[in-house]
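Undergrad: This is the structure, below, for whatever I ask next.
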Amino acid sequence: MLGLVIGCVIGWRKPHWGTSIYFLRDIFLNLIKSVIAPLIFSTIVVGIAGGGDLKKIGRMGIKALLYFEIVTTAALFIGLGVVNLVKPGVGVSLAASANSITQIVQAQPKGWRDTIVHIFPASVIDSMVRGDVLQIVAFSVLFAMAVAAIGEKGAPVLRVCESLAQVMFKFTNYVMKFAPFGIAAAIAATIGHEGPGVLISLGKLILSLYLALVIFIFVVLGAVALIFRVPIRQFLRAVREPCAIAFATTSSESALPKAMEVMERLGVPKGIVGFVMPTGYSFNLGGTTLYLAVASVFVAQAAEATTGSHFGFGSQLVMMLTLMVTSKGVAGVPRAALVILLGTLGSFLPPNIGPAGVAVIFGVDELMDMGRTAINVLGNCLATVVVARWEGEFDDARAAAFGTPLETALDIAAGEPVFAEAAAQGD
């Protein structure tokens with residue numbers, strides 16, 4: 001936030017300073033780019049192979065995955081609808097080099113056969129060097145299926161990928177420590193080049209996201225809560241603290257321990273919480289899906305002024321489906337959606353256009369990250385209750401007692417001193 005404010009002041013009062021420190025933004029983006037390939041590969045392999053054979057996951061796993069896909073698809077269309085209605089990117093120009101403009105003019109649209117063939121790489125190393133997200137995803141999915149199919153023999157490979165994922169998460173966290181400088185440089189250069197009026201468009205972008213999040217909460221999550229008879233008052237009392245943690249830290253991983261604890265206290269069996277919550281952190285990212293829909297179409301709308309080409313709804317939908325796949329497994333890293341956004345835009349927009357668009361928005365990304373992270377946590381908490389209700393294992397008596405003295409008695413009877421202590425301290 002401090003970097004954002006300082007960058008705005010520099011770009012407004014000293015435009016030439018703002019444009020001269022643009023190299024800090026480029027350093028930050030280069031570091032983010034270096035994370036794309038190993039992070040996507042490792043998280044997809046762990047997400048698919050780490051759960052074992054899907055046939056052995058059983059009924060609960062199938063129901064959870066079905067629920068995740070329905071909810072994230074609904075989030076996708078809400079985000080697309082809002083961003084196409086508000087059009088926050090219209091009027092925002094992106095700086096592109098003459099070379100990239102030439103490439104735009106000379107580029108020919110691919111047919112559907114060429115597009116399908118392009119998805120499958122001849123060399124995954126070449127795909128990683130070029131940062132071709134579609135090809136990396138295709139290889140990673142097939143690789144993960146092979147690892148899961150060979151059972152115990154694939155366990156060492158899975159452990160390596162788990163370690164690689166954790167290393168890349170930590171690497172990304174290190175990169176994010178440079179984010180205040182990159183954010184300040186990016187917003188200073190944006191305002192210095194475009195003038196303070198660009199903040200109007202960025203404000204529209206932020207409002208578009210939060211409007212989409214509010215619609216998602218009341219229309220989608222609210223409907224789910226009513227259909228599955230979720231005790232709404234107790235549920236809201238339970239999720240307010242983990243959601244507040246996620247909002248303040250912009251990291252859903254920081255809220256995971258508290259979220260799992262309160263869902264067990266609410267009456268969801270420990271086995272369901274232990275399975276659904278971590279799985280949802282990879283596959284049930286409603287807030288992130290909304291953000292990616294809004295942010296990517298914002299860049300596409302802004303690119304129209306530079307390229308002169310229209311990015312239609314069909315193209316938007318294909319890009320959204322790609323983002324839904326590539327966003328899996330990055331919930332634990334603050335602002336990691338920037339990694340996915342930057343990589344995917346590079347596959348759909350001409351060179352330099354994607355990075356230029358991301359540079360415009362990541363100055364205010366912190367403000368949007370708060371909302372989307374909190375919604376990710378809220379959605380995953382709700383998913384545990386839904387699956388428990390679907391399995392007929394939700395404890396209504398414990399839910400009714402949540403945060404009351406009766407909960408203490410239930411915890412003592414069940415041999416849960418930690419929960420008893422938490423209830424005694426009051427919610």
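For the structure tokens, the naming scheme is as follows: chains receive sequential letters (A, B, ...) according to their order of presentation, residues are indexed from 1 within each chain, and ligands are indexed from 1 in presentation order.
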Find the residues near Val129 in chain A: any atom within 10 Å, counting only C-alpha atoms, skip ones fewer than 3 places away on the same chain, and give them as a PyMOL selection string.
TA: chain A and resi 34+37+124-126+132
Undergrad: I need the residues from that last selection saved to file as a PDB file, in the first residue's frame (with C-alpha atoms), if you can.
TA:
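Output saved as result-v8.pdb:
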ATOM      1  CA  SER A  34      10.969 -17.221 -14.094  1.00  0.00           C
ATOM      2  CA  ALA A  37       7.015 -23.100 -15.738  1.00  0.00           C
ATOM      3  CA  VAL A 124       8.453 -29.588 -23.010  1.00  0.00           C
ATOM      4  CA  ILE A 125      11.831 -27.931 -22.412  1.00  0.00           C
ATOM      5  CA  ASP A 126      11.199 -25.667 -25.407  1.00  0.00           C
ATOM      6  CA  ASP A 132       3.829 -21.597 -23.388  1.00  0.00           C
TER       7      ASP A 132
END
Undergrad: Can you list, as JSON, numbers by chain, all residues belonging to range 89-298 of chain A that DSSP tags as alpha helix (DSSP H)?
TA: {"A": [98, 99, 100, 101, 102, 103, 104, 105, 106, 112, 113, 114, 115, 116, 117, 118, 119, 124, 125, 126, 127, 128, 129, 130, 133, 134, 135, 136, 137, 138, 139, 140, 141, 142, 143, 144, 145, 146, 147, 148, 149, 155, 156, 157, 158, 159, 160, 161, 162, 163, 164, 165, 166, 167, 168, 169, 170, 171, 172, 173, 174, 175, 176, 179, 180, 181, 182, 183, 184, 185, 186, 187, 188, 189, 190, 191, 192, 193, 194, 198, 199, 200, 201, 202, 203, 204, 205, 206, 207, 208, 209, 210, 211, 212, 213, 214, 215, 222, 223, 224, 225, 226, 227, 232, 233, 234, 235, 236, 237, 238, 239, 240, 241, 242, 243, 244, 245, 246, 247, 248, 249, 252, 253, 254, 255, 256, 257, 258, 259, 260, 261, 262, 263, 264, 265, 266, 270, 271, 272, 273, 274, 275, 276, 277, 278, 279, 280, 281, 282, 283, 286, 287, 288, 289, 290, 291, 292, 293, 294, 295, 296, 297, 298]}
Undergrad: Using only C-alpha atoms, which residue out of A:Leu29, A:Leu80, A:Val299, A:Ile36 lies closest to Arg130 in chain A?
TA: A:Ile36
Undergrad: Looking at A:Phe348, A:Phe275, A:Phe143, A:Phe311, which one is nearest to Lys63 in chain A, with distances taken over only C-alpha atoms?
TA: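 Among A:Phe348, A:Phe275, A:Phe143, A:Phe311, it is A:Phe275 that comes nearest to Lys63 in chain A.
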Undergrad: Using only C-alpha atoms, which residues sit within 10 Å of Gln166 in chain A once same-chain residues fewer than 3 positions away are excluded, as a PDB file with N, CA and C atoms, in the first residue's frame?
TA:
ATOM      1  N   LEU A  39       6.517 -23.748 -11.415  1.00  0.00           N
ATOM      2  CA  LEU A  39       5.401 -23.693 -10.482  1.00  0.00           C
ATOM      3  C   LEU A  39       4.179 -24.421 -11.041  1.00  0.00           C
ATOM      4  N   SER A  42       4.917 -28.353 -11.187  1.00  0.00           N
ATOM      5  CA  SER A  42       4.942 -29.037  -9.892  1.00  0.00           C
ATOM      6  C   SER A  42       3.574 -29.062  -9.231  1.00  0.00           C
ATOM      7  N   THR A  43       2.826 -27.966  -9.297  1.00  0.00           N
ATOM      8  CA  THR A  43       1.533 -27.934  -8.617  1.00  0.00           C
ATOM      9  C   THR A  43       0.498 -28.821  -9.309  1.00  0.00           C
ATOM     10  N   VAL A 160       9.584 -35.423  -5.198  1.00  0.00           N
ATOM     11  CA  VAL A 160      10.407 -34.385  -5.826  1.00  0.00           C
ATOM     12  C   VAL A 160       9.525 -33.209  -6.265  1.00  0.00           C
ATOM     13  N   CYS A 161       8.370 -33.528  -6.867  1.00  0.00           N
ATOM     14  CA  CYS A 161       7.476 -32.464  -7.327  1.00  0.00           C
ATOM     15  C   CYS A 161       6.899 -31.692  -6.140  1.00  0.00           C
ATOM     16  N   GLU A 162       6.595 -32.398  -5.044  1.00  0.00           N
ATOM     17  CA  GLU A 162       6.115 -31.712  -3.844  1.00  0.00           C
ATOM     18  C   GLU A 162       7.179 -30.760  -3.311  1.00  0.00           C
ATOM     19  N   SER A 163       8.415 -31.230  -3.293  1.00  0.00           N
ATOM     20  CA  SER A 163       9.511 -30.369  -2.834  1.00  0.00           C
ATOM     21  C   SER A 163       9.708 -29.193  -3.785  1.00  0.00           C
ATOM     22  N   PHE A 169       7.084 -21.991  -4.207  1.00  0.00           N
ATOM     23  CA  PHE A 169       6.267 -21.123  -3.356  1.00  0.00           C
ATOM     24  C   PHE A 169       7.154 -20.177  -2.558  1.00  0.00           C
ATOM     25  N   LYS A 170       8.221 -20.742  -1.971  1.00  0.00           N
ATOM     26  CA  LYS A 170       9.138 -19.913  -1.185  1.00  0.00           C
ATOM     27  C   LYS A 170       9.861 -18.910  -2.092  1.00  0.00           C
ATOM     28  N   PHE A 171      10.258 -19.356  -3.266  1.00  0.00           N
ATOM     29  CA  PHE A 171      10.915 -18.458  -4.226  1.00  0.00           C
ATOM     30  C   PHE A 171       9.983 -17.303  -4.581  1.00  0.00           C
ATOM     31  N   THR A 172       8.713 -17.629  -4.817  1.00  0.00           N
ATOM     32  CA  THR A 172       7.752 -16.583  -5.145  1.00  0.00           C
ATOM     33  C   THR A 172       7.584 -15.611  -3.991  1.00  0.00           C
ATOM     34  N   GLY A 332      -1.720 -20.693  -1.989  1.00  0.00           N
ATOM     35  CA  GLY A 332      -0.956 -20.363  -0.796  1.00  0.00           C
ATOM     36  C   GLY A 332       0.026 -19.223  -0.947  1.00  0.00           C
TER      37      GLY A 332
END
Undergrad: Counting only C-alpha atoms, which residue out of A:Val294, A:Ile217, A:Leu236, A:Val364 sits closest to Ala399 in chain A?
TA: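 Of A:Val294, A:Ile217, A:Leu236, A:Val364, the one nearest Ala399 in chain A is A:Leu236, counting only C-alpha atoms.
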Undergrad: Work out how far apart CA of Glu264 in chain A and CA of Thr288 in chain A are and give it in Å to one decimal.
TA: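 Going from CA of Glu264 in chain A over to CA of Thr288 in chain A, I get 25.1 Å.
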Undergrad: Tell me, as a list in words, which residues lie within 10 Å of Asp365 in chain A, counting only C-alpha atoms; anything in the same chain fewer than 2 positions away does not count.
TA: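 Listing them by chain and then by number gives Leu4, Ile183, Leu202, Ile206, Tyr291, Ala295, Arg335, Ala337, Leu338, Val358, Ala359, Val360, Ile361, Phe362, Gly363, Leu367, Met368, Asp369 and Met370 of chain A.
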Undergrad: Grab the residues selected above and save them as a compact mmCIF listing (two decimals), in the first residue's frame with N, CA and C atoms.
TA:
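Saved the output as out-v3.txt:
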# COMPACT_ATOMS: atom_id res chain seq x y z
N LEU A 4 2.23 1.72 -3.40
CA LEU A 4 1.18 2.21 -4.29
C LEU A 4 1.00 3.72 -4.15
N ILE A 183 5.72 -2.39 -7.58
CA ILE A 183 4.40 -1.75 -7.62
C ILE A 183 4.55 -0.23 -7.73
N LEU A 202 -8.53 2.20 -13.49
CA LEU A 202 -8.11 1.22 -12.49
C LEU A 202 -9.15 1.13 -11.38
N ILE A 206 -11.16 -2.25 -10.08
CA ILE A 206 -11.35 -2.71 -8.70
C ILE A 206 -12.83 -2.87 -8.38
N TYR A 291 -11.24 -13.06 -10.38
CA TYR A 291 -10.19 -12.08 -10.62
C TYR A 291 -9.55 -12.28 -11.99
N ALA A 295 -9.50 -9.48 -14.74
CA ALA A 295 -8.21 -8.88 -15.07
C ALA A 295 -7.78 -9.20 -16.50
N ARG A 335 -0.57 -13.01 -4.14
CA ARG A 335 -0.53 -12.44 -5.48
C ARG A 335 0.05 -13.40 -6.52
N ALA A 337 -1.58 -15.19 -8.43
CA ALA A 337 -2.42 -15.14 -9.64
C ALA A 337 -1.75 -14.30 -10.72
N LEU A 338 -0.88 -13.35 -10.32
CA LEU A 338 -0.13 -12.58 -11.32
C LEU A 338 0.73 -13.48 -12.18
N VAL A 358 -0.34 -6.34 -17.60
CA VAL A 358 -0.15 -6.72 -16.20
C VAL A 358 0.52 -5.60 -15.43
N ALA A 359 1.44 -4.89 -16.08
CA ALA A 359 2.11 -3.76 -15.43
C ALA A 359 1.12 -2.67 -15.04
N VAL A 360 0.07 -2.52 -15.85
CA VAL A 360 -0.94 -1.51 -15.53
C VAL A 360 -1.74 -1.89 -14.30
N ILE A 361 -2.07 -3.20 -14.18
CA ILE A 361 -2.99 -3.60 -13.11
C ILE A 361 -2.31 -4.01 -11.81
N PHE A 362 -1.04 -4.47 -11.85
CA PHE A 362 -0.53 -5.00 -10.60
C PHE A 362 -0.17 -3.92 -9.59
N GLY A 363 -0.22 -2.66 -10.02
CA GLY A 363 -0.08 -1.59 -9.04
C GLY A 363 -1.22 -1.56 -8.04
N LEU A 367 -5.06 -4.52 -3.64
CA LEU A 367 -6.43 -4.22 -3.24
C LEU A 367 -7.39 -5.31 -3.71
N MET A 368 -7.14 -5.87 -4.88
CA MET A 368 -8.00 -6.92 -5.41
C MET A 368 -7.68 -8.27 -4.78
N ASP A 369 -6.41 -8.48 -4.44
CA ASP A 369 -5.99 -9.75 -3.84
C ASP A 369 -6.68 -9.99 -2.50
N MET A 370 -6.90 -8.94 -1.74
CA MET A 370 -7.57 -9.08 -0.44
C MET A 370 -8.95 -9.72 -0.61
